[in-house]
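Have a look at the structure below, then the notes.
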Amino acid sequence: MTGLDGSAGSPWAIVHRTEQRMSRMVGYARAACATFVVIPLFGWDRLRHPWLAVLIVVAAAGEASWFAWRAWHGPGRLSQRLVLTDVAFCVALMLVGSRAAQAHERNKLMTELVPFSLVASAGVGFGLGLGLLAVFAVVILMTAWSLAVLPDVSLKLGSDLLGFALWYVVAMLIARELRTLSAATAAAQDAARAAGRLAVEQEREAESLRQREITHREIHDYLLPIVDHVAGGGLPSPALVREARRGAQRARRIIMDPRGLDPRVLDGDGNGNGGDGLPEPGETGFEAMMSAVVDAFADEGLALVPFVAIQGEPPVPVREALVAATREALRNVVRHAGGVDEVSLFVEGDADAVLVVVRDRGVGFDPATVRPGGGLSGSYQALRRHGGQALITARPGDGVKVTLRWPAPSTPPDGTTPPDGTTPSDGTTPSDAPDGEAPSSAAPWQTGPR
């Protein structure tokens, strides 16, 4: 078999070891069958040349020992030279050894030479496989035994010759099955290693993506609003100062703390609560995080009417994405909605499903005329990557409604799946939204200008 690699770290080393084991199997058979040549000595008084039989026993024992040693210490598959040498020895053994008996008793007294020689036929099957050289070697063995027993030819000769052919065929088939099995095992190990490497790489990519999402959220949600306010000539109100201080603390944690991208560290107070610098249990709960968002925008003067009812904790990445998307929706209200008397925030869910709706009655916009901004590429897209949905419905003069769902429904209620990047043009809203404006055909479209 070609392409064998015996290195310990390679899965294909199993193929190499299988070849070694098959070689040793033939060596064991050769050593065991060498005992058969001793049996003719028990008919010493009937032998024509008894001392020739003794010579055969000694030669067979020596050749069997040499063959077994070579098979045991060989690098892998039985070598062609070793197999052909064994065949040549067996041919000589049969032609010479049979002469130790009387001519009319050769097939009877010296038949024990056949088991020894059958191993050579098996060695051809294991070592040479299917090919002209292998078939020729087996034919030589069969011919040699036919000549060795002349003139004592009987029906037994046919069974002996059939044995040479069957040992070769069976050994060749067994070797093929073992090689196929070992190659399949090595291929499976290769595939498992490749899958393991792919899983590690995917895990790295997922972690890198998560860190990019957190960094994007920190810049977009905490730093850019302050920069935009200052760049627009706004006065530093107390709410803005508190927001700037909070943003600076979070940025410093990202830079200084190796755990900075851990949401528990970002959302902690930095005072070493619990003795380890992490917030107390429950401070990073979904309801607490939403309450912090409400408080932050209330401090900025947003007329927010919240309803928050959380009965369980969704997975950490999901709750981070939902909070970031909610913050993004409220930030867009502050930036783009104009003076609004009231902004509704509805949050309801548990560990298995969450619905968040942000509704304002501001100036609205025409989705067809507004270029998507950082919300779609960042916060809303992050929610979608975690299996959620961000649906924005808007109409000029009628405000904007942002509906966040996790998990996203597999199909919309009417069974259609509109393409990404579209939005209803008539301002319709999901049917389960709290203000009850939606028809039953709302679909998981994801778009928006903000």
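By order of appearance in the structure tokens: chains A, B, ..., then residues from 1 within every chain, and ligands from 1 in the order shown.
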
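Residue neighbourhood of Leu78 in chain A, excluding near-sequence residues (fewer than 4 positions): Ser23, Ala71, Leu82, Val83 and Gly127 of chain A, at 7 Å, using only C-alpha atoms.
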
Please produce, as a tab-separated table, a per-residue contact table for range 154-177 of chain A versus range 118-124 of chain A (criterion: any atom at most 8 Å away, only C-alpha atoms considered), showing the nearest atom pair and its distance in Å to one decimal, sorted by chain then residue number.
residue	atom	partner	partner_atom	distance
A:Gly163	CA	A:Leu118	CA	7.2
A:Phe164	CA	A:Leu118	CA	5.7
A:Ala165	CA	A:Ser121	CA	7.5
A:Trp167	CA	A:Ala122	CA	5.2
A:Tyr168	CA	A:Ala122	CA	4.8
A:Val169	CA	A:Ala122	CA	8.0
A:Val170	CA	A:Ala122	CA	7.8
A:Ala171	CA	A:Ala122	CA	5.3
A:Met172	CA	A:Ala122	CA	7.6

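For the pair CA of Ile14 in chain A and CA of Arg81 in chain A, the interatomic distance is 23.9 Å.
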
Record the distance separating CA of His386 in chain A and CA of Arg331 in chain A, expressed in Å with one decimal.
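Those two atoms sit 21.7 Å apart.
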
Point out the residue among A:Leu155, A:Met110, A:Ala231, A:Ala29 with the least atom-to-atom distance to His49 in chain A, counting only C-alpha atoms.
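Looking at the shortest contact to His49 in chain A, the residue is A:Met110.
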
Closest atom pairs, range 170-229 of chain A residues within 12 Å of range 334-339 of chain A, only C-alpha atoms, as CSV:
residue,atom,partner,partner_atom,distance
A:Leu224,CA,A:Arg335,CA,11.8
A:Pro225,CA,A:Arg335,CA,9.0
A:Ile226,CA,A:Arg335,CA,11.9
A:Asp228,CA,A:Arg335,CA,9.9
A:His229,CA,A:Arg335,CA,9.9

For Ser182 in chain A, list every protein, DNA or RNA residue within 12 Å, evaluated using only C-alpha atoms, and leave out those in the same chain fewer than 3 positions away; present the list as an mmCIF file with N, CA, C and O atoms, in the first residue's frame.
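The result, stored in selection_21.cif:
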data_model
loop_
_atom_site.group_PDB
_atom_site.id
_atom_site.type_symbol
_atom_site.label_atom_id
_atom_site.label_comp_id
_atom_site.auth_asym_id
_atom_site.auth_seq_id
_atom_site.Cartn_x
_atom_site.Cartn_y
_atom_site.Cartn_z
ATOM 1 N N MET A 1 0.851 -1.190 0.000
ATOM 2 C CA MET A 1 0.000 0.000 0.000
ATOM 3 C C MET A 1 0.886 1.239 0.000
ATOM 4 O O MET A 1 1.836 1.335 0.771
ATOM 5 N N LEU A 4 2.209 5.290 2.904
ATOM 6 C CA LEU A 4 2.162 5.005 4.335
ATOM 7 C C LEU A 4 3.025 6.004 5.074
ATOM 8 O O LEU A 4 4.122 6.330 4.672
ATOM 9 N N PRO A 11 -2.634 10.369 11.593
ATOM 10 C CA PRO A 11 -3.683 9.344 11.648
ATOM 11 C C PRO A 11 -3.374 8.171 10.734
ATOM 12 O O PRO A 11 -3.814 7.049 10.994
ATOM 13 N N TRP A 12 -2.613 8.412 9.667
ATOM 14 C CA TRP A 12 -2.318 7.334 8.719
ATOM 15 C C TRP A 12 -1.286 6.359 9.281
ATOM 16 O O TRP A 12 -0.980 5.352 8.650
ATOM 17 N N ALA A 13 -0.766 6.617 10.464
ATOM 18 C CA ALA A 13 0.100 5.633 11.110
ATOM 19 C C ALA A 13 -0.660 4.354 11.418
ATOM 20 O O ALA A 13 -0.066 3.281 11.521
ATOM 21 N N ILE A 14 -1.989 4.439 11.529
ATOM 22 C CA ILE A 14 -2.780 3.233 11.793
ATOM 23 C C ILE A 14 -2.700 2.267 10.617
ATOM 24 O O ILE A 14 -2.729 1.045 10.778
ATOM 25 N N VAL A 15 -2.581 2.795 9.394
ATOM 26 C CA VAL A 15 -2.411 1.934 8.212
ATOM 27 C C VAL A 15 -1.070 1.229 8.285
ATOM 28 O O VAL A 15 -0.960 0.030 8.015
ATOM 29 N N HIS A 16 -0.050 1.954 8.678
ATOM 30 C CA HIS A 16 1.281 1.367 8.818
ATOM 31 C C HIS A 16 1.274 0.262 9.874
ATOM 32 O O HIS A 16 1.845 -0.818 9.665
ATOM 33 N N ARG A 17 0.623 0.518 10.997
ATOM 34 C CA ARG A 17 0.587 -0.492 12.045
ATOM 35 C C ARG A 17 -0.228 -1.717 11.628
ATOM 36 O O ARG A 17 0.089 -2.847 12.025
ATOM 37 N N THR A 18 -1.268 -1.502 10.839
ATOM 38 C CA THR A 18 -2.045 -2.644 10.331
ATOM 39 C C THR A 18 -1.185 -3.529 9.431
ATOM 40 O O THR A 18 -1.251 -4.755 9.503
ATOM 41 N N GLU A 19 -0.376 -2.914 8.584
ATOM 42 C CA GLU A 19 0.529 -3.684 7.730
ATOM 43 C C GLU A 19 1.518 -4.485 8.579
ATOM 44 O O GLU A 19 1.814 -5.645 8.275
ATOM 45 N N GLN A 20 2.019 -3.868 9.629
ATOM 46 C CA GLN A 20 2.942 -4.581 10.515
ATOM 47 C C GLN A 20 2.261 -5.776 11.170
ATOM 48 O O GLN A 20 2.840 -6.869 11.259
ATOM 49 N N ARG A 21 1.045 -5.594 11.599
ATOM 50 C CA ARG A 21 0.326 -6.700 12.251
ATOM 51 C C ARG A 21 0.052 -7.838 11.276
ATOM 52 O O ARG A 21 0.137 -9.025 11.639
ATOM 53 N N MET A 22 -0.293 -7.509 10.030
ATOM 54 C CA MET A 22 -0.520 -8.565 9.043
ATOM 55 C C MET A 22 0.775 -9.340 8.777
ATOM 56 O O MET A 22 0.764 -10.564 8.623
ATOM 57 N N ALA A 175 -6.504 -9.461 3.705
ATOM 58 C CA ALA A 175 -5.618 -8.298 3.676
ATOM 59 C C ALA A 175 -6.328 -7.080 3.103
ATOM 60 O O ALA A 175 -6.181 -5.955 3.610
ATOM 61 N N ARG A 176 -7.121 -7.288 2.063
ATOM 62 C CA ARG A 176 -7.842 -6.164 1.459
ATOM 63 C C ARG A 176 -8.834 -5.567 2.452
ATOM 64 O O ARG A 176 -8.953 -4.330 2.560
ATOM 65 N N GLU A 177 -9.551 -6.423 3.176
ATOM 66 C CA GLU A 177 -10.517 -5.916 4.147
ATOM 67 C C GLU A 177 -9.833 -5.144 5.272
ATOM 68 O O GLU A 177 -10.297 -4.081 5.692
ATOM 69 N N LEU A 178 -8.714 -5.699 5.758
ATOM 70 C CA LEU A 178 -8.003 -5.017 6.840
ATOM 71 C C LEU A 178 -7.444 -3.680 6.379
ATOM 72 O O LEU A 178 -7.484 -2.681 7.116
ATOM 73 N N ARG A 179 -6.920 -3.648 5.158
ATOM 74 C CA ARG A 179 -6.391 -2.376 4.640
ATOM 75 C C ARG A 179 -7.498 -1.364 4.419
ATOM 76 O O ARG A 179 -7.326 -0.174 4.689
ATOM 77 N N THR A 185 -10.453 4.089 8.880
ATOM 78 C CA THR A 185 -10.219 4.613 10.222
ATOM 79 C C THR A 185 -9.297 5.823 10.192
ATOM 80 O O THR A 185 -9.543 6.831 10.862
ATOM 81 N N ALA A 186 -8.225 5.717 9.385
ATOM 82 C CA ALA A 186 -7.306 6.847 9.270
ATOM 83 C C ALA A 186 -7.998 8.058 8.657
ATOM 84 O O ALA A 186 -7.796 9.197 9.103
ATOM 85 N N ALA A 187 -8.833 7.806 7.630
ATOM 86 C CA ALA A 187 -9.563 8.917 7.015
ATOM 87 C C ALA A 187 -10.523 9.556 8.013
ATOM 88 O O ALA A 187 -10.686 10.786 8.047
ATOM 89 N N ALA A 188 -11.176 8.715 8.851
ATOM 90 C CA ALA A 188 -12.082 9.253 9.865
ATOM 91 C C ALA A 188 -11.318 10.091 10.889
ATOM 92 O O ALA A 188 -11.797 11.140 11.331
ATOM 93 N N GLN A 189 -10.134 9.623 11.266
ATOM 94 C CA GLN A 189 -9.324 10.402 12.197
ATOM 95 C C GLN A 189 -8.885 11.720 11.563
ATOM 96 O O GLN A 189 -8.867 12.763 12.226
#

Could you jot down the CA of Pro396 in chain A to CA of Glu328 in chain A separation for me, Å, one decimal place?
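Spanning CA of Pro396 in chain A to CA of Glu328 in chain A is a straight-line distance of 20.0 Å.
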
Do a neighbour search on Trp51 in chain A at 8 Å with only C-alpha atoms, toss out local chain neighbours closer than 3 positions, and write the hits as a ChimeraX atom specification.
/A:54-55,100

Pick from A:Gly397, A:Ala148, A:Ala382, A:Val114, whichever lies nearest to Leu162 in chain A using only C-alpha atoms
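Of A:Gly397, A:Ala148, A:Ala382, A:Val114, the one nearest Leu162 in chain A, counting only C-alpha atoms, is A:Val114.
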
Contact residues around Ala309 in chain A with only C-alpha atoms at 8 Å, ignoring same-chain residues under 3 positions, as an MDAnalysis selection string
chainID A and resid 287 347:349

Dump all heavy atoms for the selected residues as a short mmCIF file (atom, residue, chain, number, x, y, z; two decimals), in the first residue's frame?
data_model
loop_
_atom_site.label_atom_id
_atom_site.label_comp_id
_atom_site.auth_asym_id
_atom_site.auth_seq_id
_atom_site.Cartn_x
_atom_site.Cartn_y
_atom_site.Cartn_z
N GLU A 287 -33.50 42.27 33.39
CA GLU A 287 -34.36 43.35 33.88
C GLU A 287 -33.54 44.51 34.42
O GLU A 287 -33.87 45.69 34.19
CB GLU A 287 -35.32 42.81 34.95
CG GLU A 287 -36.34 43.83 35.42
CD GLU A 287 -37.43 43.20 36.28
OE1 GLU A 287 -37.36 41.98 36.53
OE2 GLU A 287 -38.34 43.94 36.69
N VAL A 347 -41.29 45.88 27.26
CA VAL A 347 -40.36 44.76 27.35
C VAL A 347 -41.05 43.63 28.10
O VAL A 347 -41.48 43.82 29.25
CB VAL A 347 -39.05 45.13 28.07
CG1 VAL A 347 -38.08 43.95 28.05
CG2 VAL A 347 -38.41 46.35 27.43
N GLU A 348 -41.14 42.48 27.46
CA GLU A 348 -41.77 41.34 28.10
C GLU A 348 -41.08 40.07 27.61
O GLU A 348 -40.72 39.97 26.42
CB GLU A 348 -43.26 41.28 27.76
CG GLU A 348 -44.01 40.18 28.51
CD GLU A 348 -45.50 40.21 28.21
OE1 GLU A 348 -45.86 40.33 27.01
OE2 GLU A 348 -46.30 40.13 29.16
N GLY A 349 -40.89 39.12 28.51
CA GLY A 349 -40.27 37.88 28.07
C GLY A 349 -39.80 37.03 29.23
O GLY A 349 -39.99 37.34 30.40
#

Which residues, written as a ChimeraX atom specification, have at least one atom at most 10 Å from Ile56 in chain A, with only C-alpha atoms counted and residues fewer than 6 positions away on the same chain left out?
/A:37-38,50,62,93-94,96-98,100,113
